[in-house]
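**Student:** Input data_35.cif, format and content: mmCIF, C-alpha atoms.
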```
data_target
#
loop_
_atom_site.label_atom_id
_atom_site.label_comp_id
_atom_site.auth_asym_id
_atom_site.auth_seq_id
_atom_site.Cartn_x
_atom_site.Cartn_y
_atom_site.Cartn_z
CA MET A 1 95.69 73.80 168.42
CA ASN A 2 94.66 74.13 164.77
CA ARG A 3 91.64 76.28 164.11
CA LEU A 4 89.00 74.29 162.30
CA PRO A 5 85.67 75.44 160.86
CA VAL A 6 82.87 74.84 163.35
CA ALA A 7 81.32 72.08 161.22
CA GLU A 8 84.59 70.15 161.10
CA ARG A 9 85.19 70.68 164.80
CA ARG A 10 81.71 69.37 165.59
CA GLU A 11 82.41 66.23 163.57
CA GLN A 12 85.67 65.74 165.47
CA LEU A 13 83.90 66.11 168.80
CA ILE A 14 81.09 63.75 167.80
CA GLU A 15 83.66 61.11 166.85
CA ALA A 16 85.42 61.64 170.17
CA ALA A 17 82.14 61.36 172.08
CA LEU A 18 81.23 58.15 170.23
CA ALA A 19 84.68 56.72 170.99
CA VAL A 20 84.39 57.49 174.71
CA ALA A 21 80.80 56.28 175.03
CA SER A 22 81.37 53.11 172.97
CA ARG A 23 84.42 52.24 175.06
CA ASP A 24 83.30 53.28 178.53
CA GLY A 25 79.51 53.75 178.41
CA ILE A 26 77.21 56.71 177.94
CA ASP A 27 77.71 58.05 181.46
CA ALA A 28 81.43 58.36 180.78
CA ALA A 29 80.85 60.72 177.85
CA THR A 30 81.10 63.88 179.90
CA VAL A 31 82.07 67.16 178.29
CA ARG A 32 85.43 66.94 180.04
CA ALA A 33 86.05 63.38 178.78
CA VAL A 34 85.08 64.31 175.24
CA ALA A 35 87.41 67.32 175.31
CA ALA A 36 90.26 65.13 176.54
CA GLU A 37 89.58 62.49 173.87
CA ALA A 38 89.59 65.13 171.14
CA GLY A 39 92.59 66.97 172.59
CA VAL A 40 90.78 70.29 172.90
CA SER A 41 89.78 72.60 175.73
CA LEU A 42 86.41 72.49 177.48
CA GLY A 43 85.63 75.85 175.93
CA VAL A 44 85.83 74.38 172.44
CA VAL A 45 83.21 71.75 173.28
CA HIS A 46 80.90 74.36 174.82
CA TYR A 47 81.38 76.59 171.78
CA CYS A 48 80.34 73.81 169.37
CA PHE A 49 77.52 72.32 171.45
CA GLN A 50 75.11 74.26 173.62
CA ASP A 51 74.89 71.43 176.15
CA LYS A 52 75.28 67.67 176.56
CA ASP A 53 71.73 67.20 175.27
CA GLU A 54 72.73 68.64 171.91
CA LEU A 55 75.87 66.49 171.82
CA LEU A 56 73.86 63.33 172.56
CA ARG A 57 71.41 64.15 169.77
CA ALA A 58 74.33 64.58 167.38
CA MET A 59 75.74 61.21 168.45
CA ALA A 60 72.42 59.47 167.84
CA HIS A 61 72.14 61.11 164.42
CA ALA A 62 75.67 60.00 163.51
CA ILE A 63 74.91 56.34 164.33
CA THR A 64 71.67 56.41 162.31
CA SER A 65 73.40 58.10 159.36
CA ALA A 66 76.21 55.53 159.35
CA ASN A 67 73.73 52.64 159.28
CA LEU A 68 71.75 54.30 156.48
CA GLU A 69 74.86 54.93 154.40
CA ARG A 70 75.87 51.28 154.66
CA SER A 71 72.45 49.95 153.67
CA LEU A 72 72.00 52.32 150.73
CA GLY A 73 75.54 51.94 149.46
CA GLU A 74 75.12 48.30 148.45
CA LEU A 75 72.20 48.68 146.05
CA PRO A 76 73.06 48.28 142.35
CA PRO A 77 71.81 51.04 140.03
CA GLU A 78 69.91 48.67 137.71
CA ALA A 79 66.38 47.49 138.46
CA ARG A 80 66.02 44.07 140.05
CA ASP A 81 63.26 41.98 141.57
CA PRO A 82 62.13 43.22 145.00
CA GLU A 83 63.26 40.07 146.81
CA SER A 84 66.86 40.53 145.64
CA VAL A 85 66.88 44.26 146.36
CA ILE A 86 65.50 43.78 149.87
CA GLU A 87 67.91 40.93 150.55
CA GLY A 88 70.84 43.11 149.50
CA VAL A 89 69.72 45.99 151.69
CA ILE A 90 69.26 43.76 154.72
CA ASP A 91 72.61 42.03 154.23
CA ALA A 92 74.37 45.39 154.00
CA LEU A 93 72.54 46.75 157.02
CA TRP A 94 73.21 43.66 159.10
CA ALA A 95 76.91 43.65 158.17
CA GLY A 96 77.15 47.23 159.39
CA ILE A 97 75.43 46.44 162.68
CA ARG A 98 77.52 43.30 163.22
CA ASP A 99 80.77 45.18 162.61
CA SER A 100 79.93 48.07 164.96
CA ARG A 101 78.85 46.42 168.20
CA GLY A 102 79.95 49.33 170.37
CA PRO A 103 77.93 52.00 168.53
CA GLN A 104 74.89 49.70 168.39
CA LEU A 105 74.97 49.13 172.13
CA LEU A 106 75.48 52.85 172.56
CA SER A 107 72.36 53.63 170.54
CA TYR A 108 70.24 51.70 173.08
CA GLU A 109 72.06 53.36 175.96
CA LEU A 110 71.25 56.74 174.43
CA THR A 111 67.58 55.82 174.28
CA THR A 112 67.25 54.46 177.80
CA SER A 113 69.38 57.20 179.34
CA SER A 114 67.30 59.93 177.73
CA LEU A 115 64.06 58.29 178.85
CA ARG A 116 65.30 58.25 182.45
CA HIS A 117 66.20 61.94 182.44
CA ALA A 118 63.44 64.40 181.59
CA GLU A 119 65.91 67.02 180.39
CA LEU A 120 67.23 64.56 177.78
CA ASN A 121 63.87 63.21 176.62
CA GLN A 122 64.17 64.99 173.28
CA VAL A 123 67.21 62.84 172.45
CA ALA A 124 65.13 59.64 172.27
CA ILE A 125 62.40 61.38 170.30
CA GLU A 126 64.83 62.73 167.71
CA GLN A 127 66.71 59.44 167.65
CA TYR A 128 63.62 57.51 166.57
CA ARG A 129 62.41 60.20 164.22
CA GLY A 130 65.77 59.91 162.50
CA GLN A 131 65.52 56.13 162.32
CA TRP A 132 61.98 56.23 160.93
CA ALA A 133 63.03 58.80 158.32
CA ALA A 134 66.05 56.66 157.39
CA ALA A 135 63.83 53.59 157.01
CA GLU A 136 61.52 55.57 154.71
CA GLN A 137 64.54 56.49 152.58
CA VAL A 138 65.47 52.84 152.27
CA LEU A 139 61.90 51.87 151.36
CA ASP A 140 61.80 54.64 148.77
CA LEU A 141 65.03 53.41 147.21
CA VAL A 142 63.69 49.84 147.10
CA GLU A 143 60.62 51.19 145.30
CA ARG A 144 62.71 52.93 142.67
CA SER A 145 65.24 50.11 142.26
CA ALA A 146 62.69 47.30 141.95
CA HIS A 147 59.83 49.34 140.42
CA VAL A 148 57.36 48.50 143.18
CA SER A 149 55.06 50.26 145.59
CA TRP A 150 53.88 49.19 149.03
CA THR A 151 50.42 47.97 149.98
CA VAL A 152 51.06 49.42 153.46
CA PRO A 153 51.61 53.17 154.01
CA ARG A 154 55.34 53.84 153.85
CA GLY A 155 55.41 55.63 157.22
CA THR A 156 53.72 52.69 158.94
CA LEU A 157 56.05 50.23 157.24
CA ALA A 158 59.08 52.30 158.25
CA ARG A 159 58.12 52.06 161.91
CA THR A 160 57.72 48.30 161.54
CA VAL A 161 61.15 48.01 159.91
CA VAL A 162 62.80 49.94 162.74
CA ALA A 163 61.01 47.88 165.40
CA VAL A 164 62.07 44.58 163.83
CA ILE A 165 65.70 45.65 163.36
CA ASP A 166 65.76 46.90 166.95
CA GLY A 167 64.47 43.56 168.20
CA PHE A 168 66.96 41.39 166.35
CA SER A 169 69.86 43.74 167.06
CA LEU A 170 69.16 43.81 170.78
CA ALA A 171 68.83 40.02 170.90
CA TRP A 172 72.16 39.71 169.09
CA LEU A 173 73.81 42.06 171.59
CA VAL A 174 72.58 39.68 174.30
CA ASP A 175 73.36 36.26 172.81
CA GLY A 176 75.92 37.06 170.11
CA ASP A 177 74.22 34.72 167.60
CA SER A 178 74.90 36.58 164.37
CA GLU A 179 73.55 33.87 162.10
CA ALA A 180 70.24 33.71 163.94
CA ALA A 181 69.89 37.49 163.73
CA ARG A 182 70.67 37.55 160.02
CA ALA A 183 68.29 34.66 159.32
CA GLY A 184 65.52 36.41 161.23
CA LEU A 185 66.06 39.68 159.39
CA GLN A 186 66.09 37.91 156.02
CA GLY A 187 62.81 36.23 157.00
CA PHE A 188 61.38 39.66 157.66
CA GLY A 189 62.74 40.74 154.28
CA ARG A 190 60.72 38.00 152.63
CA PHE A 191 57.65 39.36 154.39
CA LEU A 192 58.42 42.85 153.06
CA ALA A 193 58.52 41.44 149.54
CA THR A 194 54.93 40.20 149.98
CA VAL A 195 53.67 43.77 150.56
CA ALA A 196 55.45 45.10 147.46
CA VAL A 197 53.46 45.27 144.23
CA PRO A 198 54.88 46.03 140.77
CA THR A 199 54.46 49.48 139.25
CA SER A 200 54.66 50.08 135.53
CA LEU A 201 57.68 51.83 134.06
CA GLU A 202 55.26 54.29 132.46
CA ALA A 203 53.87 55.22 135.87
CA ASP A 204 57.40 55.71 137.20
CA THR A 205 58.23 57.97 134.26
CA ALA A 206 55.07 59.99 134.68
CA ALA A 207 55.74 60.47 138.38
CA THR A 208 59.28 61.65 137.60
CA LEU A 209 58.04 64.20 135.07
CA ALA A 210 55.17 65.43 137.25
#
```
Since I need it in another form, could you write the structure as structure tokens?
**Tutor:**
Amino acid sequence: MNRLPVAERREQLIEAALAVASRDGIDAATVRAVAAEAGVSLGVVHYCFQDKDELLRAMAHAITSANLERSLGELPPEARDPESVIEGVIDALWAGIRDSRGPQLLSYELTTSSLRHAELNQVAIEQYRGQWAAAEQVLDLVERSAHVSWTVPRGTLARTVVAVIDGFSLAWLVDGDSEAARAGLQGFGRFLATVAVPTSLEADTAATLA
């Protein structure tokens, strides 16, 4: 077996855990199953992760990071009107969710499983903290791309964004109606545009230099 740096080995094991859990369900993602999927010994898994709790947290973080990367990667560098920027972000985010059904279902399994087991409760907490933080990053990028600010505190708005995306994503997992989910999310995007107000370029420059 090739010796890899710990960081690379952790990434390999997270990918293996996501593959097992997406294919067979969260309960199937045992340390033994993850080791077999990755082609390593049990000792390697235990060396990289203190326990299954830590591995589950890493899986949740990986799903959130992948969704964030997709939504941020589609924004053009030039300034645009907030409606267009928000529409682009939502389209990119929805495309990522639609094309990764297994990981999306897994993210809900991670939440419910951790809530049912006291020793795993921290997984759900960190999962949602990560999603709220990711939503704040997206809102911040919209601000800078469209030169706007929000009439609602960004932290509050981030929680609303996550709740709405959760709702439409879960409904889509149930009924498979991708168009309805996208239409609903774009409707929410139009609402977001109503709580965005223009900021002057001078104010943006001053904030950058401060």
**Student:** Which is closer to Ala21 of chain A than all the others in A:Leu42, A:Ala62, A:Ala92, A:Leu105, using only C-alpha atoms?
**Tutor:**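 Residue with the minimum atom-to-atom distance to Ala21 of chain A: A:Leu105.
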**Student:** Contacts of Arg23 of chain A at 10 Å or less, counting only C-alpha atoms, minus same-chain residues fewer than 6 places along, as a ChimeraX atom specification?
**Tutor:** /A:17,29,102-103,106
**Student:** Could you tell me, as a PyMOL selection string, which residues have any atom at most 10 Å from (85.9, 68.4, 171.3), counting only C-alpha atoms?
**Tutor:** chain A and resi 9-17+31-49
**Student:** Report as JSON lines the residues of segment 144-170 of chain A within 12 Å of segment 83-87 of chain A, each with its shortest atom pair and distance in Å (one decimal), using only C-alpha atoms, ordered by chain and increasing residue number.
**Tutor:**
```
{"residue": "A:Arg144", "atom": "CA", "partner": "A:Val85", "partner_atom": "CA", "distance": 10.3}
{"residue": "A:Ser145", "atom": "CA", "partner": "A:Val85", "partner_atom": "CA", "distance": 7.3}
{"residue": "A:Ala146", "atom": "CA", "partner": "A:Val85", "partner_atom": "CA", "distance": 6.8}
{"residue": "A:His147", "atom": "CA", "partner": "A:Val85", "partner_atom": "CA", "distance": 10.5}
{"residue": "A:Val148", "atom": "CA", "partner": "A:Val85", "partner_atom": "CA", "distance": 10.9}
{"residue": "A:Val161", "atom": "CA", "partner": "A:Ile86", "partner_atom": "CA", "distance": 11.7}
```
**Student:** Please, what distance in Å, to one decimal, runs between atom CA of Glu119 of chain A and atom CA of Asp53 of chain A?
**Tutor:** 7.8 Å
**Student:** Can you sort out the box for segment 15-30 of chain A, edges along x, y and z, all listed atoms in, 3 Å on every side, with centre and edge lengths in Å to one decimal, as JSON?
**Tutor:**
```
{"center_x": 81.3, "center_y": 58.1, "center_z": 174.2, "size_x": 14.2, "size_y": 17.6, "size_z": 20.6}
```
**Student:** Could you give me, as CSV, a per-residue list for segment 133-164 of chain A showing, wherever an atom lies at most 12 Å from an atom of segment 171-194 of chain A, the closest pair of atoms and their distance in Å to one decimal, using all atoms listed in the file and sorting by chain then residue number from low to high?
**Tutor:**
```
residue,atom,partner,partner_atom,distance
A:Leu139,CA,A:Leu192,CA,9.8
A:Val142,CA,A:Ala193,CA,10.2
A:Glu143,CA,A:Ala193,CA,10.8
A:Ala146,CA,A:Ala193,CA,10.5
A:Val148,CA,A:Ala193,CA,9.6
A:Ser149,CA,A:Ala193,CA,10.3
A:Trp150,CA,A:Leu192,CA,8.8
A:Thr151,CA,A:Thr194,CA,9.0
A:Val152,CA,A:Leu192,CA,9.9
A:Arg154,CA,A:Leu192,CA,11.4
A:Leu157,CA,A:Leu192,CA,8.8
A:Ala158,CA,A:Leu192,CA,10.8
A:Thr160,CA,A:Leu192,CA,10.1
A:Val161,CA,A:Phe188,CA,8.7
A:Val162,CA,A:Leu185,CA,11.3
A:Ala163,CA,A:Phe188,CA,11.3
A:Val164,CA,A:Leu185,CA,7.7
```
**Student:** Please complete segment 138-149 of chain A so it has all heavy atoms, and hand it over as an mmCIF file, in the frame of the given file.
**Tutor:**
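So out20.cif came out as:
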```cif
data_model
loop_
_atom_site.group_PDB
_atom_site.id
_atom_site.type_symbol
_atom_site.label_atom_id
_atom_site.label_comp_id
_atom_site.auth_asym_id
_atom_site.auth_seq_id
_atom_site.Cartn_x
_atom_site.Cartn_y
_atom_site.Cartn_z
ATOM 1 N N VAL A 138 65.137 54.167 152.781
ATOM 2 C CA VAL A 138 65.470 52.840 152.270
ATOM 3 C C VAL A 138 64.283 52.266 151.492
ATOM 4 O O VAL A 138 64.444 51.718 150.386
ATOM 5 C CB VAL A 138 65.872 51.890 153.412
ATOM 6 C CG1 VAL A 138 66.033 50.461 152.891
ATOM 7 C CG2 VAL A 138 67.171 52.359 154.058
ATOM 8 N N LEU A 139 63.081 52.385 152.045
ATOM 9 C CA LEU A 139 61.900 51.870 151.360
ATOM 10 C C LEU A 139 61.675 52.581 150.032
ATOM 11 O O LEU A 139 61.287 51.966 149.038
ATOM 12 C CB LEU A 139 60.668 52.028 152.266
ATOM 13 C CG LEU A 139 60.656 51.152 153.522
ATOM 14 C CD1 LEU A 139 59.510 51.575 154.449
ATOM 15 C CD2 LEU A 139 60.527 49.676 153.166
ATOM 16 N N ASP A 140 61.934 53.883 150.007
ATOM 17 C CA ASP A 140 61.800 54.640 148.770
ATOM 18 C C ASP A 140 62.801 54.158 147.722
ATOM 19 O O ASP A 140 62.465 54.013 146.538
ATOM 20 C CB ASP A 140 62.004 56.134 149.050
ATOM 21 C CG ASP A 140 61.981 56.960 147.781
ATOM 22 O OD1 ASP A 140 60.903 57.076 147.167
ATOM 23 O OD2 ASP A 140 63.052 57.493 147.392
ATOM 24 N N LEU A 141 64.018 53.882 148.156
ATOM 25 C CA LEU A 141 65.030 53.410 147.210
ATOM 26 C C LEU A 141 64.686 52.017 146.683
ATOM 27 O O LEU A 141 64.911 51.714 145.510
ATOM 28 C CB LEU A 141 66.410 53.393 147.876
ATOM 29 C CG LEU A 141 67.582 53.107 146.941
ATOM 30 C CD1 LEU A 141 67.625 54.127 145.810
ATOM 31 C CD2 LEU A 141 68.888 53.124 147.702
ATOM 32 N N VAL A 142 64.140 51.170 147.552
ATOM 33 C CA VAL A 142 63.690 49.840 147.100
ATOM 34 C C VAL A 142 62.602 50.017 146.038
ATOM 35 O O VAL A 142 62.606 49.328 144.999
ATOM 36 C CB VAL A 142 63.178 48.995 148.273
ATOM 37 C CG1 VAL A 142 62.516 47.711 147.762
ATOM 38 C CG2 VAL A 142 64.324 48.651 149.227
ATOM 39 N N GLU A 143 61.674 50.931 146.275
ATOM 40 C CA GLU A 143 60.620 51.190 145.300
ATOM 41 C C GLU A 143 61.198 51.535 143.942
ATOM 42 O O GLU A 143 60.790 50.984 142.905
ATOM 43 C CB GLU A 143 59.730 52.349 145.775
ATOM 44 C CG GLU A 143 58.833 52.041 146.962
ATOM 45 C CD GLU A 143 58.047 53.274 147.367
ATOM 46 O OE1 GLU A 143 57.600 54.022 146.464
ATOM 47 O OE2 GLU A 143 57.887 53.510 148.572
ATOM 48 N N ARG A 144 62.154 52.458 143.935
ATOM 49 C CA ARG A 144 62.710 52.930 142.670
ATOM 50 C C ARG A 144 63.614 51.889 142.012
ATOM 51 O O ARG A 144 63.690 51.815 140.785
ATOM 52 C CB ARG A 144 63.452 54.247 142.899
ATOM 53 C CG ARG A 144 62.506 55.398 143.228
ATOM 54 C CD ARG A 144 63.203 56.733 143.346
ATOM 55 N NE ARG A 144 63.914 56.882 144.610
ATOM 56 C CZ ARG A 144 65.225 56.914 144.731
ATOM 57 N NH1 ARG A 144 65.991 56.777 143.660
ATOM 58 N NH2 ARG A 144 65.800 57.085 145.902
ATOM 59 N N SER A 145 64.321 51.106 142.820
ATOM 60 C CA SER A 145 65.240 50.110 142.260
ATOM 61 C C SER A 145 64.498 48.905 141.696
ATOM 62 O O SER A 145 64.909 48.332 140.683
ATOM 63 C CB SER A 145 66.223 49.635 143.335
ATOM 64 O OG SER A 145 67.034 50.692 143.775
ATOM 65 N N ALA A 146 63.415 48.499 142.366
ATOM 66 C CA ALA A 146 62.690 47.300 141.950
ATOM 67 C C ALA A 146 61.376 47.607 141.222
ATOM 68 O O ALA A 146 60.658 46.689 140.825
ATOM 69 C CB ALA A 146 62.398 46.424 143.168
ATOM 70 N N HIS A 147 61.069 48.922 141.078
ATOM 71 C CA HIS A 147 59.830 49.340 140.420
ATOM 72 C C HIS A 147 58.615 48.722 141.112
ATOM 73 O O HIS A 147 57.805 48.012 140.498
ATOM 74 C CB HIS A 147 59.841 48.983 138.936
ATOM 75 C CG HIS A 147 60.904 49.697 138.165
ATOM 76 N ND1 HIS A 147 60.916 51.061 137.995
ATOM 77 C CD2 HIS A 147 62.016 49.220 137.541
ATOM 78 C CE1 HIS A 147 61.977 51.414 137.289
ATOM 79 N NE2 HIS A 147 62.671 50.318 137.020
ATOM 80 N N VAL A 148 58.494 48.996 142.407
ATOM 81 C CA VAL A 148 57.360 48.500 143.180
ATOM 82 C C VAL A 148 56.791 49.637 144.019
ATOM 83 O O VAL A 148 57.395 50.708 144.153
ATOM 84 C CB VAL A 148 57.783 47.344 144.133
ATOM 85 C CG1 VAL A 148 58.277 46.149 143.340
ATOM 86 C CG2 VAL A 148 58.844 47.811 145.135
ATOM 87 N N SER A 149 55.625 49.393 144.564
ATOM 88 C CA SER A 149 55.060 50.260 145.590
ATOM 89 C C SER A 149 54.595 49.361 146.721
ATOM 90 O O SER A 149 54.555 48.137 146.583
ATOM 91 C CB SER A 149 53.897 51.094 145.033
ATOM 92 O OG SER A 149 52.874 50.244 144.549
#
```
